[in-house]
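Undergrad: Have a look at this one before I ask anything.
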Amino acid sequence: MRRADRLFQIIQILRRTRRPVTADAIAAELETSRRSVYRDVADLMAQRVPIRGEAGVGYVLDGGFDLPPLMLTPDEIEAAVLGAQWVARRADPQLARAAQDLVAKIAAAVPANLRPHVLEPSVGVPPRTSKADVLDMPGVRSAIHGSRKMHIRYADESGSQTERVIWPFVVAYMEDVRLLVGWCELRADFRSFRTDRIAEAQVLDARYPERAAVLRARWLKQKQDQWRPKAAAAT
């Protein structure tokens with residue numbers, strides 16, 4: 001890897017996370033030595049790239065620093081196109097159009113030699129027919145961003161229906177279905193609801209007391225805690 005590319009990649013690695021990244025971790029990803037990472041980070045700091053940290057602790061890239069947004073590698077372009085294809089074929093119409101627009105903008109902005117990676121990518125997503133549901137997905141996303149409660153009428157596998165008030169915080173796209181995940185006031189716990197089984201849904205004016213990001217973090221931790229005993233038993 002050329003040194004200029006390595007400097008760029010160090011910035012990219014630091015941009016991925018808000019936590020300190022050690023020189024060892026950077027060196028392992030770039031397949032170089034820790035000494036080279038120390039030297040490269042020192043050079044970046046000398047060029048006024050706002051990196052904080054020190055050897056043995058880790059490095060953090062301060063907010064407010066950015067690079068030209070479309071300095072993309074061929075692999076980054078194909079990753080973006082693959083993700084956009086997946087969204088275009090599995091998400092709701094509004095997000096699907098946004099994904100198609102994203103690909104068109106990338107194709108218009110990248111240099112001509114990289115355009116085939118956008119228009120003729122080597123990766124692809126097979127078509128899929130989504131199961132119909134009654135959810136207004138733009139409205140659901142707005143409710144999540146605004147921490148607003150929802151009232152739903154939900155049918156289980158047997159067809160029995162219950163009415164619930166939930167605190168939605170994420171829409172999870174699975175291979176065959178999508179799930180609306182939230183805190184269920186009826187069960188006083190996290191629940192996942194298949195969107196094709198939601199018979200009615202209404203976004204309420206009432207807001208729930210926690211941010212969606214906080215609920216997502218608690219839900220993920222709960223899932224991880226539930227998974228660990230099973231993983232330990234299997235070893």
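Chain lettering (A, B, ...) mirrors the order of the structure tokens, residue numbering begins at 1 for each chain separately, and ligand numbering begins at 1 in order of display.
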When you look at range 97-109 of chain A with a cut-off of 7 Å (counting only C-alpha atoms), what residues show up, excluding the ones that are within fewer than 4 positions of it in the same chain? I need them as a list in words.

TA: Val81, Ala84, Val87, Ala88, Pro93, Arg115 and Val118 of chain A

Undergrad: From a DSSP calculation on the backbone, collect every residue of range 25-215 of chain A in helix (DSSP H, G or I) and output the set as a ChimeraX atom specification.

TA: /A:25-30,34-46,74-90,93-109,112-119,137-145,195-197,212-215

Undergrad: List as a PyMOL selection string the protein and nucleic acid residues near Leu30 in chain A, meaning an atom at most 12 Å away when only C-alpha atoms are counted, but skip any in the same chain fewer than 5 places from it.

TA: chain A and resi 1-3+5-13+23-25+36-37+40

Undergrad: Those residues with N, CA and C atoms, as a PDB file, in the first residue's frame please?

TA:
```
ATOM      1  N   MET A   1       0.844  -1.199   0.000  1.00  0.00           N
ATOM      2  CA  MET A   1       0.000   0.000   0.000  1.00  0.00           C
ATOM      3  C   MET A   1       0.879   1.249   0.000  1.00  0.00           C
ATOM      4  N   ARG A   2       0.562   2.179  -0.904  1.00  0.00           N
ATOM      5  CA  ARG A   2       1.312   3.431  -0.931  1.00  0.00           C
ATOM      6  C   ARG A   2       1.098   4.198   0.370  1.00  0.00           C
ATOM      7  N   ARG A   3       2.121   4.980   0.739  1.00  0.00           N
ATOM      8  CA  ARG A   3       2.029   5.693   2.016  1.00  0.00           C
ATOM      9  C   ARG A   3       0.854   6.679   2.013  1.00  0.00           C
ATOM     10  N   ASP A   5      -1.956   6.352   0.495  1.00  0.00           N
ATOM     11  CA  ASP A   5      -3.174   5.568   0.713  1.00  0.00           C
ATOM     12  C   ASP A   5      -3.286   5.152   2.171  1.00  0.00           C
ATOM     13  N   ARG A   6      -2.133   4.832   2.786  1.00  0.00           N
ATOM     14  CA  ARG A   6      -2.151   4.412   4.184  1.00  0.00           C
ATOM     15  C   ARG A   6      -2.591   5.555   5.095  1.00  0.00           C
ATOM     16  N   LEU A   7      -2.125   6.758   4.820  1.00  0.00           N
ATOM     17  CA  LEU A   7      -2.542   7.918   5.612  1.00  0.00           C
ATOM     18  C   LEU A   7      -4.051   8.129   5.493  1.00  0.00           C
ATOM     19  N   PHE A   8      -4.550   8.000   4.287  1.00  0.00           N
ATOM     20  CA  PHE A   8      -5.990   8.155   4.066  1.00  0.00           C
ATOM     21  C   PHE A   8      -6.767   7.091   4.836  1.00  0.00           C
ATOM     22  N   GLN A   9      -6.265   5.840   4.806  1.00  0.00           N
ATOM     23  CA  GLN A   9      -6.959   4.753   5.483  1.00  0.00           C
ATOM     24  C   GLN A   9      -6.937   4.912   7.002  1.00  0.00           C
ATOM     25  N   ILE A  10      -5.859   5.468   7.537  1.00  0.00           N
ATOM     26  CA  ILE A  10      -5.817   5.722   8.982  1.00  0.00           C
ATOM     27  C   ILE A  10      -6.937   6.668   9.375  1.00  0.00           C
ATOM     28  N   ILE A  11      -7.141   7.722   8.589  1.00  0.00           N
ATOM     29  CA  ILE A  11      -8.235   8.653   8.862  1.00  0.00           C
ATOM     30  C   ILE A  11      -9.579   7.932   8.771  1.00  0.00           C
ATOM     31  N   GLN A  12      -9.730   7.059   7.764  1.00  0.00           N
ATOM     32  CA  GLN A  12     -10.983   6.327   7.607  1.00  0.00           C
ATOM     33  C   GLN A  12     -11.256   5.427   8.808  1.00  0.00           C
ATOM     34  N   ILE A  13     -10.217   4.753   9.297  1.00  0.00           N
ATOM     35  CA  ILE A  13     -10.371   3.876  10.462  1.00  0.00           C
ATOM     36  C   ILE A  13     -10.833   4.679  11.672  1.00  0.00           C
ATOM     37  N   ALA A  23      -2.800   1.743  18.158  1.00  0.00           N
ATOM     38  CA  ALA A  23      -1.871   1.594  17.033  1.00  0.00           C
ATOM     39  C   ALA A  23      -1.812   0.144  16.584  1.00  0.00           C
ATOM     40  N   ASP A  24      -1.900  -0.798  17.530  1.00  0.00           N
ATOM     41  CA  ASP A  24      -1.880  -2.220  17.163  1.00  0.00           C
ATOM     42  C   ASP A  24      -3.065  -2.573  16.266  1.00  0.00           C
ATOM     43  N   ALA A  25      -4.245  -2.047  16.601  1.00  0.00           N
ATOM     44  CA  ALA A  25      -5.425  -2.342  15.793  1.00  0.00           C
ATOM     45  C   ALA A  25      -5.298  -1.750  14.396  1.00  0.00           C
ATOM     46  N   SER A  36       5.340   2.102  12.057  1.00  0.00           N
ATOM     47  CA  SER A  36       4.876   2.883  10.901  1.00  0.00           C
ATOM     48  C   SER A  36       3.615   3.670  11.242  1.00  0.00           C
ATOM     49  N   VAL A  37       2.741   3.055  12.031  1.00  0.00           N
ATOM     50  CA  VAL A  37       1.514   3.757  12.424  1.00  0.00           C
ATOM     51  C   VAL A  37       1.858   4.977  13.275  1.00  0.00           C
ATOM     52  N   ASP A  40       3.131   7.594  10.941  1.00  0.00           N
ATOM     53  CA  ASP A  40       2.083   8.149  10.075  1.00  0.00           C
ATOM     54  C   ASP A  40       1.141   9.064  10.856  1.00  0.00           C
TER      55      ASP A  40
END
```

Undergrad: State, in Å with one decimal place, the distance from CA of Gly146 in chain A to CA of Ala212 in chain A.

TA: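 Spanning CA of Gly146 in chain A to CA of Ala212 in chain A is a straight-line distance of 8.5 Å.
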
Undergrad: Could you give me, as a ChimeraX atom specification, each residue of range 52-143 of chain A that DSSP assigns to strand (DSSP E) when run on this structure's backbone?

TA: /A:52-54,58-61

Undergrad: Go ahead and save the residues from that selection, with C-alpha atoms, as a compact mmCIF listing (two decimals), in the first residue's frame.

TA:
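The new file part.txt reads:
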```txt
# COMPACT_ATOMS: atom_id res chain seq x y z
CA ARG A 52 -5.94 13.17 19.76
CA GLY A 53 -4.28 10.42 21.73
CA GLU A 54 -0.95 8.84 22.40
CA GLY A 58 -5.28 4.97 21.29
CA TYR A 59 -6.21 7.69 18.85
CA VAL A 60 -9.44 9.61 18.25
CA LEU A 61 -10.32 11.86 15.32
```

Undergrad: Find the residues near Leu135 in chain A: any atom within 10 Å, counting only C-alpha atoms, skip ones fewer than 5 places away on the same chain, and give them as a PyMOL selection string.

TA: chain A and resi 92+140+152+180+195-196+198-202
